[in-house]
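S.K.: Here's a structure for you.
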Amino acid sequence: MLLRLDVADTHPLHEQVAGAIRRAIAEGECEPGDRLPPARDLSQALGVNVNTVLRGLRALRDEGLLEFRRGRGVTVAQGADGRSALLDRVREVLADAARLGYGKDDVIDMIREVT
């Protein structure tokens with residue numbers, strides 16, 4: 001898994017870490033059940049603090065893309081590939097809505113209207 005961060009990007013580094021791993025999952029570089037390298041190794045490879053990597057990993061765990069297991073490390077969750085693609089589309093919808101002046105609650109109301 002080859003991850004890169006853009007130091008010129010204005011997004012926080014932990015979000016860039018999460019985004020890079022999210023892309024790796026969506027593009028099939030990491031498949032469900034695959035084990036990620038230890039956070040310390042990722043932090044050294046990316047040139048960031050280990051806590052930055054851990055924060056990005058926790059965000060992905062909270063999204064349901066990663067599983068943390070004691071003694072087994074961090075693995076890609078089952079169904080993460082499809083979930084990752086869906087989350088990317090949701091982010092795009094929210095970004096489009098923000099450009100049009102709608103907030104997250106407005107989008108949620110729109111979804112409720114459709115279903």
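By order in the structure tokens, chains are A, B, ...; within a chain, residues start at 1; ligands start at 1, following the order shown.
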Determine, for each residue of segment 20-45 of chain A having at least one atom at most 12 Å from an atom of segment 49-63 of chain A, the closest pair of atoms and their separation in Å to one decimal, counting only C-alpha atoms; order by chain and ascending number, as a tab-separated table.

M.R.:
residue	atom	partner	partner_atom	distance
A:Ala20	CA	A:Gly56	CA	9.6
A:Ile21	CA	A:Leu60	CA	8.5
A:Arg22	CA	A:Leu60	CA	7.8
A:Arg23	CA	A:Leu60	CA	11.6
A:Ile25	CA	A:Leu60	CA	10.9
A:Leu36	CA	A:Leu57	CA	10.0
A:Pro37	CA	A:Val53	CA	11.1
A:Pro38	CA	A:Leu54	CA	9.7
A:Ala39	CA	A:Val53	CA	6.1
A:Arg40	CA	A:Val50	CA	5.6
A:Asp41	CA	A:Val50	CA	8.5
A:Leu42	CA	A:Val53	CA	7.1
A:Ser43	CA	A:Val50	CA	5.0
A:Gln44	CA	A:Asn49	CA	7.8
A:Ala45	CA	A:Asn49	CA	10.4

S.K.: Give one line per residue of segment 46-108 of chain A that approaches segment 32-35 of chain A to at most 9 Å, naming the two atoms of the closest pair and their distance in Å to one decimal, counting only C-alpha atoms; sort by chain then ascending residue number and deliver it as JSON lines.

M.R.:
{"residue": "A:Leu65", "atom": "CA", "partner": "A:Pro32", "partner_atom": "CA", "distance": 8.8}
{"residue": "A:Leu66", "atom": "CA", "partner": "A:Pro32", "partner_atom": "CA", "distance": 8.8}
{"residue": "A:Arg72", "atom": "CA", "partner": "A:Arg35", "partner_atom": "CA", "distance": 8.1}
{"residue": "A:Gly73", "atom": "CA", "partner": "A:Arg35", "partner_atom": "CA", "distance": 7.0}
{"residue": "A:Val74", "atom": "CA", "partner": "A:Arg35", "partner_atom": "CA", "distance": 5.8}
{"residue": "A:Thr75", "atom": "CA", "partner": "A:Arg35", "partner_atom": "CA", "distance": 4.2}
{"residue": "A:Val76", "atom": "CA", "partner": "A:Pro32", "partner_atom": "CA", "distance": 4.7}
{"residue": "A:Ala77", "atom": "CA", "partner": "A:Pro32", "partner_atom": "CA", "distance": 5.3}
{"residue": "A:Gln78", "atom": "CA", "partner": "A:Pro32", "partner_atom": "CA", "distance": 4.8}
{"residue": "A:Gly79", "atom": "CA", "partner": "A:Pro32", "partner_atom": "CA", "distance": 6.6}
{"residue": "A:Ala80", "atom": "CA", "partner": "A:Pro32", "partner_atom": "CA", "distance": 6.3}
{"residue": "A:Asp81", "atom": "CA", "partner": "A:Pro32", "partner_atom": "CA", "distance": 7.1}

S.K.: Residues of chain A classed as helix (DSSP H, G or I) by DSSP on the backbone are to be reported as JSON, numbers by chain.

M.R.: {"A": [13, 14, 15, 16, 17, 18, 19, 20, 21, 22, 23, 24, 25, 26, 39, 40, 41, 42, 43, 44, 45, 46, 50, 51, 52, 53, 54, 55, 56, 57, 58, 59, 60, 61, 62, 80, 81, 82, 83, 84, 85, 86, 87, 88, 89, 90, 91, 92, 93, 94, 95, 96, 97, 98, 99, 104, 105, 106, 107, 108, 109, 110, 111, 112, 113, 114]}

S.K.: Please write the residues from the selection above to a file, keeping C-alpha atoms, as a PDB file, in the first residue's frame.

M.R.:
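Below you can see part08.pdb, which holds the result:
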ATOM      1  CA  LEU A  13      -3.026  15.744   8.074  1.00  0.00           C
ATOM      2  CA  HIS A  14      -5.188  13.182   9.899  1.00  0.00           C
ATOM      3  CA  GLU A  15      -7.939  13.728   7.303  1.00  0.00           C
ATOM      4  CA  GLN A  16      -5.393  13.261   4.521  1.00  0.00           C
ATOM      5  CA  VAL A  17      -4.217  10.010   6.137  1.00  0.00           C
ATOM      6  CA  ALA A  18      -7.821   8.776   6.363  1.00  0.00           C
ATOM      7  CA  GLY A  19      -8.479   9.867   2.779  1.00  0.00           C
ATOM      8  CA  ALA A  20      -5.404   8.075   1.460  1.00  0.00           C
ATOM      9  CA  ILE A  21      -6.423   4.825   3.166  1.00  0.00           C
ATOM     10  CA  ARG A  22     -10.031   5.300   2.043  1.00  0.00           C
ATOM     11  CA  ARG A  23      -8.821   5.641  -1.567  1.00  0.00           C
ATOM     12  CA  ALA A  24      -6.634   2.539  -1.224  1.00  0.00           C
ATOM     13  CA  ILE A  25      -9.690   0.581  -0.090  1.00  0.00           C
ATOM     14  CA  ALA A  26     -11.936   2.006  -2.817  1.00  0.00           C
ATOM     15  CA  ALA A  39       0.652   3.001  12.828  1.00  0.00           C
ATOM     16  CA  ARG A  40       4.295   3.598  13.715  1.00  0.00           C
ATOM     17  CA  ASP A  41       5.410   2.286  10.312  1.00  0.00           C
ATOM     18  CA  LEU A  42       2.783   4.363   8.515  1.00  0.00           C
ATOM     19  CA  SER A  43       3.814   7.494  10.409  1.00  0.00           C
ATOM     20  CA  GLN A  44       7.466   7.007   9.472  1.00  0.00           C
ATOM     21  CA  ALA A  45       6.620   6.356   5.826  1.00  0.00           C
ATOM     22  CA  LEU A  46       4.384   9.437   5.659  1.00  0.00           C
ATOM     23  CA  VAL A  50       2.106   8.557  15.004  1.00  0.00           C
ATOM     24  CA  ASN A  51      -0.824  10.266  16.784  1.00  0.00           C
ATOM     25  CA  THR A  52      -1.814  11.868  13.474  1.00  0.00           C
ATOM     26  CA  VAL A  53      -1.972   8.428  11.861  1.00  0.00           C
ATOM     27  CA  LEU A  54      -3.897   6.992  14.812  1.00  0.00           C
ATOM     28  CA  ARG A  55      -6.438   9.810  14.596  1.00  0.00           C
ATOM     29  CA  GLY A  56      -6.997   9.050  10.907  1.00  0.00           C
ATOM     30  CA  LEU A  57      -7.308   5.327  11.618  1.00  0.00           C
ATOM     31  CA  ARG A  58      -9.841   5.939  14.407  1.00  0.00           C
ATOM     32  CA  ALA A  59     -11.946   8.056  12.040  1.00  0.00           C
ATOM     33  CA  LEU A  60     -12.008   5.161   9.562  1.00  0.00           C
ATOM     34  CA  ARG A  61     -12.900   2.748  12.347  1.00  0.00           C
ATOM     35  CA  ASP A  62     -15.795   5.016  13.324  1.00  0.00           C
ATOM     36  CA  ALA A  80     -15.529  -1.726   3.455  1.00  0.00           C
ATOM     37  CA  ASP A  81     -14.883  -1.506  -0.279  1.00  0.00           C
ATOM     38  CA  GLY A  82     -18.534  -0.829  -1.086  1.00  0.00           C
ATOM     39  CA  ARG A  83     -19.013   1.357   1.975  1.00  0.00           C
ATOM     40  CA  SER A  84     -15.964   3.426   1.058  1.00  0.00           C
ATOM     41  CA  ALA A  85     -17.312   4.152  -2.410  1.00  0.00           C
ATOM     42  CA  LEU A  86     -20.699   5.100  -0.963  1.00  0.00           C
ATOM     43  CA  LEU A  87     -19.104   7.403   1.618  1.00  0.00           C
ATOM     44  CA  ASP A  88     -17.166   9.154  -1.151  1.00  0.00           C
ATOM     45  CA  ARG A  89     -20.416   9.800  -3.008  1.00  0.00           C
ATOM     46  CA  VAL A  90     -22.075  11.089   0.168  1.00  0.00           C
ATOM     47  CA  ARG A  91     -19.170  13.492   0.695  1.00  0.00           C
ATOM     48  CA  GLU A  92     -19.572  14.728  -2.867  1.00  0.00           C
ATOM     49  CA  VAL A  93     -23.302  15.295  -2.324  1.00  0.00           C
ATOM     50  CA  LEU A  94     -22.603  17.228   0.887  1.00  0.00           C
ATOM     51  CA  ALA A  95     -19.955  19.334  -0.870  1.00  0.00           C
ATOM     52  CA  ASP A  96     -22.378  20.083  -3.728  1.00  0.00           C
ATOM     53  CA  ALA A  97     -25.106  20.955  -1.224  1.00  0.00           C
ATOM     54  CA  ALA A  98     -22.762  23.308   0.649  1.00  0.00           C
ATOM     55  CA  ARG A  99     -21.914  25.093  -2.599  1.00  0.00           C
ATOM     56  CA  LYS A 104     -26.207  18.648   6.334  1.00  0.00           C
ATOM     57  CA  ASP A 105     -29.649  18.760   7.981  1.00  0.00           C
ATOM     58  CA  ASP A 106     -31.166  20.035   4.731  1.00  0.00           C
ATOM     59  CA  VAL A 107     -29.675  17.083   2.849  1.00  0.00           C
ATOM     60  CA  ILE A 108     -30.984  14.665   5.481  1.00  0.00           C
ATOM     61  CA  ASP A 109     -34.466  16.175   5.082  1.00  0.00           C
ATOM     62  CA  MET A 110     -34.203  15.748   1.312  1.00  0.00           C
ATOM     63  CA  ILE A 111     -33.258  12.090   1.731  1.00  0.00           C
ATOM     64  CA  ARG A 112     -36.237  11.562   4.011  1.00  0.00           C
ATOM     65  CA  GLU A 113     -38.521  13.115   1.412  1.00  0.00           C
ATOM     66  CA  VAL A 114     -37.277  10.718  -1.252  1.00  0.00           C
TER      67      VAL A 114
END

S.K.: Enter the distance from atom CA of Thr10 of chain A to atom CA of Gly64 of chain A, in Å, rounded to one decimal.

M.R.: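 Distance reported for this atom pair: 25.4 Å.
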
S.K.: What's the separation between atom CA of Asp9 of chain A and atom CA of Cys30 of chain A, in Å to one decimal place?

M.R.: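 Distance between the two atoms: 23.9 Å.
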
S.K.: State, in Å with one decimal place, the distance from atom CA of Arg4 of chain A to atom CA of Gly47 of chain A.

M.R.: 9.7 Å
